[in-house]
$ cat coords-v4.cif   # mmCIF, C-alpha atoms
data_upload
loop_
_atom_site.label_atom_id
_atom_site.label_comp_id
_atom_site.auth_asym_id
_atom_site.auth_seq_id
_atom_site.Cartn_x
_atom_site.Cartn_y
_atom_site.Cartn_z
CA MET K 1196 78.48 53.44 87.43
CA LYS K 1197 75.55 52.29 89.54
CA ARG K 1198 75.10 48.88 91.09
CA ALA K 1199 72.43 47.45 93.40
CA VAL K 1200 73.93 45.70 96.44
CA LEU K 1201 71.83 43.37 98.55
CA ILE K 1202 72.98 44.44 102.01
CA ALA K 1203 70.40 42.53 104.08
CA PRO K 1204 67.29 40.44 103.46
CA ARG K 1205 64.80 42.53 101.46
CA LYS K 1206 67.13 45.52 101.38
CA PHE K 1207 69.06 46.88 98.39
CA LYS K 1208 71.48 49.80 98.46
CA MET K 1209 72.13 51.62 95.19
CA GLU K 1210 75.85 52.42 95.10
CA GLU K 1211 77.91 54.66 92.81
CA VAL K 1212 81.27 52.99 92.13
CA GLU K 1213 84.05 53.18 89.58
CA LYS K 1214 83.41 51.33 86.33
CA PRO K 1215 85.53 48.14 86.35
CA ILE K 1216 88.67 48.02 84.23
CA PRO K 1217 88.94 44.56 82.64
CA LYS K 1218 92.03 42.55 83.41
CA GLY K 1219 94.03 40.99 80.61
CA ASN K 1220 91.73 37.97 80.23
CA GLU K 1221 88.46 39.76 81.02
CA VAL K 1222 85.64 41.40 79.08
CA LEU K 1223 83.75 44.44 80.32
CA ILE K 1224 80.04 44.19 79.53
CA GLN K 1225 77.50 46.97 79.56
CA VAL K 1226 74.42 45.20 80.91
CA LYS K 1227 71.24 45.67 78.87
CA CYS K 1228 68.83 43.36 80.72
CA CYS K 1229 68.91 40.86 83.57
CA GLY K 1230 66.23 38.42 84.69
CA ILE K 1231 65.24 37.79 88.28
CA CYS K 1232 65.80 34.10 88.96
CA GLY K 1233 64.14 31.98 91.63
CA SER K 1234 67.50 31.73 93.39
CA ASP K 1235 67.71 35.56 93.40
CA ILE K 1236 64.33 35.63 95.13
CA HIS K 1237 65.51 33.10 97.74
CA SER K 1238 68.60 35.28 98.29
CA TYR K 1239 66.51 38.45 98.60
CA GLU K 1240 64.35 36.81 101.26
CA GLY K 1241 67.38 35.47 103.15
CA LYS K 1242 66.37 31.87 102.41
CA HIS K 1243 69.09 30.80 99.99
CA PRO K 1244 71.25 28.15 101.72
CA PHE K 1245 74.52 29.43 100.24
CA VAL K 1246 74.11 33.16 99.46
CA LYS K 1247 74.83 35.81 102.09
CA PRO K 1248 74.80 39.64 101.81
CA PRO K 1249 76.46 41.87 100.90
CA ILE K 1250 76.37 40.82 97.26
CA VAL K 1251 75.33 42.11 93.85
CA LEU K 1252 72.85 39.56 92.52
CA GLY K 1253 71.98 38.84 88.89
CA HIS K 1254 73.20 36.01 86.64
CA GLU K 1255 70.64 35.80 83.78
CA PHE K 1256 71.85 38.66 81.64
CA ALA K 1257 72.90 39.95 78.25
CA GLY K 1258 74.64 43.08 77.10
CA VAL K 1259 77.23 44.69 74.87
CA VAL K 1260 81.01 44.39 75.03
CA ALA K 1261 82.24 47.76 76.28
CA ASP K 1262 85.96 47.03 76.72
CA ILE K 1263 88.34 44.08 76.50
CA GLY K 1264 91.55 43.07 78.27
CA ASN K 1265 94.80 43.02 76.33
CA GLU K 1266 94.84 39.19 76.21
CA VAL K 1267 91.36 38.87 74.69
CA GLU K 1268 91.12 38.16 70.95
CA ARG K 1269 87.68 36.60 70.34
CA PHE K 1270 85.55 39.68 71.01
CA GLU K 1271 85.23 43.22 69.76
CA ILE K 1272 83.67 46.28 71.34
CA GLY K 1273 80.00 46.35 70.41
CA ASP K 1274 79.46 42.56 70.29
CA LYS K 1275 76.13 41.39 71.73
CA VAL K 1276 76.84 38.74 74.36
CA THR K 1277 75.56 36.69 77.24
CA VAL K 1278 77.57 35.06 80.03
CA GLU K 1279 77.80 31.56 81.49
CA PRO K 1280 77.98 32.51 85.18
CA ASN K 1281 79.49 29.42 86.83
CA LEU K 1282 83.20 29.73 87.70
CA PRO K 1283 84.67 26.32 88.58
CA CYS K 1284 88.19 25.99 89.94
CA GLY K 1285 89.29 23.54 87.23
CA ASN K 1286 91.41 21.47 89.63
CA CYS K 1287 89.13 19.60 92.05
CA TYR K 1288 87.94 16.01 91.56
CA ASN K 1289 84.66 16.97 89.85
CA CYS K 1290 86.31 19.51 87.55
CA ARG K 1291 88.87 16.88 86.51
CA HIS K 1292 86.09 14.35 85.85
CA GLY K 1293 83.84 16.47 83.63
CA LYS K 1294 81.47 17.83 86.28
CA PRO K 1295 82.54 21.46 86.74
CA ASN K 1296 78.99 22.49 87.68
CA ILE K 1297 79.49 20.69 91.01
CA CYS K 1298 83.03 21.97 91.57
CA SER K 1299 83.94 21.80 95.25
CA LYS K 1300 85.10 25.45 95.10
CA LEU K 1301 82.43 26.70 92.69
CA LYS K 1302 81.86 30.43 92.40
CA VAL K 1303 78.81 31.75 90.57
CA ILE K 1304 78.52 35.25 89.16
CA GLY K 1305 75.78 37.06 91.07
CA ASN K 1306 75.37 34.19 93.47
CA ILE K 1307 78.44 32.88 95.28
CA GLY K 1308 81.75 34.67 95.60
CA TYR K 1309 81.41 37.01 92.60
CA ASN K 1310 79.27 40.14 92.20
CA GLY K 1311 76.63 39.94 89.50
CA ALA K 1312 74.80 41.84 86.80
CA PHE K 1313 72.39 44.07 88.69
CA ALA K 1314 74.89 46.75 87.77
CA GLU K 1315 75.43 48.98 84.76
CA TYR K 1316 78.72 47.26 83.94
CA ILE K 1317 80.31 43.94 84.89
CA SER K 1318 83.75 42.56 84.11
CA VAL K 1319 83.92 38.77 83.65
CA PRO K 1320 86.43 36.16 82.42
CA ALA K 1321 86.46 36.09 78.61
CA GLU K 1322 86.11 32.28 78.57
CA LYS K 1323 82.63 32.67 80.07
CA VAL K 1324 81.40 35.17 77.49
CA VAL K 1325 79.26 33.82 74.64
CA LYS K 1326 78.55 35.85 71.51
CA LEU K 1327 74.85 35.95 70.61
CA PRO K 1328 73.77 34.77 67.15
CA GLU K 1329 72.63 37.30 64.58
CA GLY K 1330 69.09 38.50 65.29
CA PHE K 1331 69.08 37.54 68.99
CA SER K 1332 67.42 40.09 71.25
CA PHE K 1333 68.97 40.96 74.60
CA GLU K 1334 66.03 39.30 76.36
CA GLN K 1335 66.60 36.09 74.40
CA GLY K 1336 70.23 36.33 75.44
CA ALA K 1337 69.23 36.59 79.09
CA PHE K 1338 67.11 33.44 78.69
CA VAL K 1339 70.04 31.27 77.56
CA GLU K 1340 71.06 30.71 81.20
CA PRO K 1341 67.70 29.41 82.52
CA THR K 1342 67.20 27.40 79.32
CA ALA K 1343 70.56 25.73 79.99
CA VAL K 1344 69.19 24.63 83.37
CA GLY K 1345 66.51 22.69 81.48
CA VAL K 1346 69.02 21.31 78.99
CA HIS K 1347 71.21 20.00 81.81
CA ALA K 1348 68.25 18.46 83.66
CA VAL K 1349 67.12 16.58 80.53
CA ARG K 1350 70.65 15.34 79.86
CA LYS K 1351 71.18 14.39 83.52
CA ALA K 1352 67.90 12.47 83.47
CA GLY K 1353 68.94 10.47 80.44
CA GLN K 1354 65.57 11.29 78.86
CA ARG K 1355 64.84 9.13 75.82
CA ILE K 1356 62.85 9.79 72.67
CA GLY K 1357 59.27 8.74 73.33
CA ASP K 1358 59.41 9.16 77.12
CA LYS K 1359 56.33 10.34 78.98
CA VAL K 1360 57.34 12.90 81.56
CA LEU K 1361 55.78 14.77 84.47
CA ILE K 1362 56.90 18.29 85.41
CA LEU K 1363 55.93 19.66 88.81
CA GLY K 1364 55.75 23.45 88.67
CA ALA K 1365 54.97 25.75 85.73
CA GLY K 1366 57.20 28.64 86.72
CA PRO K 1367 59.82 29.96 84.29
CA ILE K 1368 62.13 26.95 84.75
CA GLY K 1369 59.25 24.48 84.47
CA LEU K 1370 57.96 26.11 81.28
CA LEU K 1371 61.44 26.19 79.74
CA LEU K 1372 62.02 22.58 80.78
CA LEU K 1373 58.70 21.66 79.14
CA GLN K 1374 59.96 23.04 75.84
CA VAL K 1375 63.41 21.48 76.19
CA ALA K 1376 61.84 18.08 76.99
CA LYS K 1377 59.71 18.35 73.86
CA CYS K 1378 62.76 19.30 71.78
CA ALA K 1379 64.49 16.20 73.19
CA GLY K 1380 61.69 13.98 71.93
CA ALA K 1381 59.32 13.57 74.87
CA ALA K 1382 56.15 11.95 73.55
CA HIS K 1383 53.88 13.20 76.31
CA VAL K 1384 54.39 15.93 78.91
CA VAL K 1385 52.14 16.44 81.94
CA ILE K 1386 52.70 19.64 83.92
CA THR K 1387 51.21 20.83 87.21
CA ASP K 1388 50.84 24.17 88.94
CA LEU K 1389 48.57 25.88 91.44
CA PHE K 1390 47.67 28.64 88.97
CA GLU K 1391 45.44 27.92 85.99
CA TRP K 1392 46.76 30.79 83.83
CA LYS K 1393 50.30 29.39 84.03
CA LEU K 1394 48.92 26.03 82.95
CA GLU K 1395 47.22 27.65 79.97
CA ILE K 1396 50.59 29.08 78.94
CA ALA K 1397 52.02 25.57 79.36
CA ARG K 1398 49.33 24.20 77.08
CA LYS K 1399 50.20 26.76 74.39
CA LEU K 1400 53.87 25.81 74.75
CA GLY K 1401 53.16 22.15 74.08
CA ALA K 1402 51.99 20.48 77.30
CA ASP K 1403 49.77 17.47 76.59
CA LEU K 1404 48.04 17.42 79.98
CA ILE K 1405 47.78 20.15 82.60
CA PHE K 1406 46.66 19.81 86.20
CA SER K 1407 46.17 22.07 89.21
CA PRO K 1408 46.12 20.49 92.70
CA ASN K 1409 43.13 22.77 93.33
CA ARG K 1410 41.13 20.37 91.16
CA GLY K 1411 41.79 17.33 93.32
CA ASP K 1412 44.47 14.72 93.99
CA LEU K 1413 47.40 14.57 91.56
CA VAL K 1414 48.06 10.88 92.17
CA GLU K 1415 44.45 10.01 91.31
CA PHE K 1416 44.60 12.28 88.24
CA ILE K 1417 47.71 10.51 86.93
CA GLU K 1418 46.25 7.07 87.58
CA THR K 1419 42.99 8.04 85.84
CA TRP K 1420 44.40 9.77 82.77
CA MET K 1421 47.83 8.28 82.33
CA LYS K 1422 48.04 5.19 84.53
CA LYS K 1423 50.86 5.22 87.04
CA GLU K 1424 53.06 2.97 84.91
CA ALA K 1425 52.95 5.43 82.01
CA ILE K 1426 55.21 8.07 83.58
CA ASP K 1427 58.83 7.42 82.63
CA LEU K 1428 60.47 10.42 84.24
CA ILE K 1429 59.60 13.14 86.77
CA TYR K 1430 61.12 16.62 87.08
CA ASP K 1431 60.43 18.51 90.33
CA CYS K 1432 60.85 22.23 89.63
CA VAL K 1433 59.34 23.25 92.98
CA ALA K 1434 61.27 21.03 95.40
CA ASN K 1435 59.22 21.35 98.54
CA GLU K 1436 58.01 18.57 100.80
CA LYS K 1437 54.62 18.27 99.13
CA THR K 1438 55.85 18.09 95.53
CA LEU K 1439 58.68 15.67 96.26
CA ASN K 1440 56.38 13.30 98.13
CA GLN K 1441 53.86 13.59 95.30
CA ALA K 1442 56.59 12.60 92.88
CA ILE K 1443 57.55 9.59 95.01
CA SER K 1444 53.90 8.52 95.27
CA ILE K 1445 53.38 8.77 91.51
CA ALA K 1446 56.67 7.17 90.45
CA ARG K 1447 56.48 3.59 89.28
CA ARG K 1448 59.19 1.26 90.50
CA GLY K 1449 62.55 2.12 88.98
CA THR K 1450 61.57 5.67 87.99
CA LYS K 1451 64.01 8.56 88.20
CA ILE K 1452 63.02 11.85 89.88
CA ILE K 1453 65.17 14.85 88.96
CA ILE K 1454 65.15 17.65 91.54
CA VAL K 1455 65.56 20.89 89.60
CA GLY K 1456 64.09 23.40 92.06
CA VAL K 1457 66.10 24.83 94.96
CA PRO K 1458 64.73 23.62 98.34
CA THR K 1459 64.52 26.41 100.91
CA GLU K 1460 64.03 24.09 103.88
CA LYS K 1461 64.73 20.54 105.00
CA ILE K 1462 62.35 18.02 103.44
CA CYS K 1463 60.95 14.86 105.01
CA VAL K 1464 60.21 12.07 102.53
CA ASP K 1465 59.02 8.47 102.81
CA LEU K 1466 62.30 6.70 102.10
CA SER K 1467 60.63 3.30 102.46
CA LEU K 1468 58.91 3.93 99.11
CA VAL K 1469 62.18 5.11 97.58
CA GLN K 1470 64.05 2.03 98.81
CA ASP K 1471 61.32 -0.49 98.08
CA GLY K 1472 60.72 0.82 94.57
CA GLU K 1473 64.36 1.49 93.68
CA ILE K 1474 63.32 5.06 92.90
CA SER K 1475 66.23 7.35 92.06
CA LEU K 1476 66.28 10.87 93.52
CA GLU K 1477 68.86 12.96 91.66
CA GLY K 1478 69.72 16.62 91.96
CA SER K 1479 70.36 18.75 88.90
CA LEU K 1480 72.55 21.82 89.45
CA MET K 1481 73.01 24.51 86.84
CA TYR K 1482 74.73 23.18 83.66
CA THR K 1483 78.01 22.54 81.92
CA HIS K 1484 79.54 24.69 79.18
CA ASP K 1485 78.20 22.30 76.54
CA ASP K 1486 74.69 22.60 78.02
CA PHE K 1487 74.96 26.39 77.87
CA LEU K 1488 75.99 26.39 74.22
CA THR K 1489 73.31 23.81 73.40
CA ALA K 1490 70.65 26.13 74.86
CA LEU K 1491 71.41 28.78 72.21
CA GLU K 1492 70.27 26.69 69.27
CA PRO K 1493 66.58 25.99 70.09
CA ILE K 1494 66.12 29.64 71.05
CA ARG K 1495 67.67 30.72 67.74
CA GLU K 1496 65.44 28.27 65.84
CA GLY K 1497 62.29 29.48 67.62
CA LYS K 1498 61.73 26.13 69.33
CA ILE K 1499 62.05 27.79 72.74
CA GLU K 1500 59.53 30.61 73.07
CA ILE K 1501 60.30 33.20 75.74
CA SER K 1502 57.95 36.15 75.12
CA SER K 1503 54.99 34.62 76.97
CA LEU K 1504 57.22 33.95 79.99
CA ILE K 1505 58.03 37.64 80.57
CA THR K 1506 55.23 39.19 82.60
CA HIS K 1507 56.92 42.31 83.99
CA ARG K 1508 59.71 44.72 83.08
CA PHE K 1509 61.24 47.24 85.49
CA ARG K 1510 63.90 49.90 85.05
CA PHE K 1511 67.13 49.24 86.95
CA GLU K 1512 66.34 52.08 89.34
CA GLU K 1513 63.14 50.23 90.29
CA ILE K 1514 64.89 47.02 91.30
CA GLU K 1515 63.56 46.99 94.85
CA ASP K 1516 60.00 47.38 93.51
CA ALA K 1517 60.68 44.50 91.13
CA PHE K 1518 61.86 42.20 93.92
CA ASN K 1519 59.00 43.20 96.19
CA LEU K 1520 56.62 42.16 93.42
CA ALA K 1521 58.56 38.91 93.02
CA VAL K 1522 58.00 37.95 96.68
CA ALA K 1523 54.48 39.37 97.17
CA SER K 1524 52.00 36.57 97.85
CA ASP K 1525 49.11 38.44 96.22
CA SER K 1526 50.99 38.63 92.90
CA ALA K 1527 52.09 34.98 92.80
CA GLY K 1528 49.34 34.10 90.36
CA LYS K 1529 50.19 36.99 88.02
CA ARG K 1530 53.94 36.77 87.45
CA LEU K 1531 56.47 34.60 85.70
CA LYS K 1532 59.79 36.14 84.61
CA ILE K 1533 60.53 39.67 85.81
CA MET K 1534 63.15 41.48 83.74
CA ILE K 1535 65.32 44.38 84.85
CA MET K 1536 66.03 46.70 81.92
CA PHE K 1537 69.02 49.04 81.65
#
$ encode --input "coords-v4.cif" --output "structure tokens"
Amino acid sequence: MKRAVLIAPRKFKMEEVEKPIPKGNEVLIQVKCCGICGSDIHSYEGKHPFVKPPIVLGHEFAGVVADIGNEVERFEIGDKVTVEPNLPCGNCYNCRHGKPNICSKLKVIGNIGYNGAFAEYISVPAEKVVKLPEGFSFEQGAFVEPTAVGVHAVRKAGQRIGDKVLILGAGPIGLLLLQVAKCAGAAHVVITDLFEWKLEIARKLGADLIFSPNRGDLVEFIETWMKKEAIDLIYDCVANEKTLNQAISIARRGTKIIIVGVPTEKICVDLSLVQDGEISLEGSLMYTHDDFLTALEPIREGKIEISSLITHRFRFEEIEDAFNLAVASDSAGKRLKIMIMF
């Protein structure tokens, strides 16, 4: 089989290796499609704080069961499946207290300590394999993982029915989070992005107000159209110095800011505003198993729309071209989710 190994920043090597043989408790999956995640892009550029080559990336994927270990009973060859890629140890403090997503020894398929799905086949623990509902497409299956990121962020935030929320960043995660927040009962969602066409997609997906910083000052916009006190909750899906400080400036006293994006550098913030206003800054990492299963339902019901989020599809053999597009500055305003098709 073929697999694409990231051997150095911005450098893949296509390798021919033996197809894995699943162990007793494993399932062998023939990969059908795999999305390029923002964390994959950080890894490709050498900017991810925890991912180092050589590694096979890819954790947003779906495929078909090709073989099963002799201890596996829940699956049959031919089943359409997706995979929850986080692999907690099960024994550390956080695992024992219901927070396996922040396991102290966490491995993540295609990310940390476990080769991923930019390969024709991948063998994974059966407990992490999730059968797709009848009628699910492979691309919908690949979107369960990033949707679960939004589900976890909303749950972590303690979002309430009727809340008015602000989302910074209308990339794939921001647009999925927009839809999840609406499903969870948000009364009003404001979303920002530099690119107007992404904001128009956000409007079609249910955003009540859209704003590009190119139009002016976000803080003034919020105060004019919403009043500062109206925002109950802020999600930062960009997580750079500018967006986080914007969030702090906009937040009313006592507001919670959920950091969903992956920072690629150290960020300087005005902690005096955080302390004085009792503003909560909370990180949101991945999801739990329950979040992952929860993400299936709104996709199945059509409440989470994914087709408008896919802007490009590449064949597996074109993976380096796909990643080069993903990092090219001149295409930033033209891309959302890039899918690798097998």
$ residues_around --input "coords-v4.cif" --residues "K:Val1251" --least-positions-apart "4" --cutoff "7 Å" --atoms "only C-alpha atoms" --output "PyMOL selection string"
chain K and resi 1199-1201+1305+1310-1311+1313
$ closest_residue --input "coords-v4.cif" --among "K:Cys1284, K:Leu1468, K:Ala1382, K:Ile1250" --to "K:Asp1403" --atoms "all atoms listed in the file"
K:Ala1382
$ closest_residue --input "coords-v4.cif" --among "K:Ile1272, K:Gly1230, K:Gly1401, K:Phe1256" --to "K:His1507" --atoms "only C-alpha atoms"
K:Gly1230
$ closest_residue --input "coords-v4.cif" --among "K:Ile1499, K:Gly1478, K:Gly1357, K:Arg1398" --to "K:Val1375" --atoms "only C-alpha atoms"
K:Ile1499
$ closest_residue --input "coords-v4.cif" --among "K:Ala1312, K:Val1384, K:Leu1491, K:Ala1352" --to "K:Val1325" --atoms "all atoms listed in the file"
K:Leu1491
$ atom_distance --input "coords-v4.cif" --atom1 "atom CA of K:Ile1535" --atom2 "atom CA of K:Ala1517"
7.8 Å
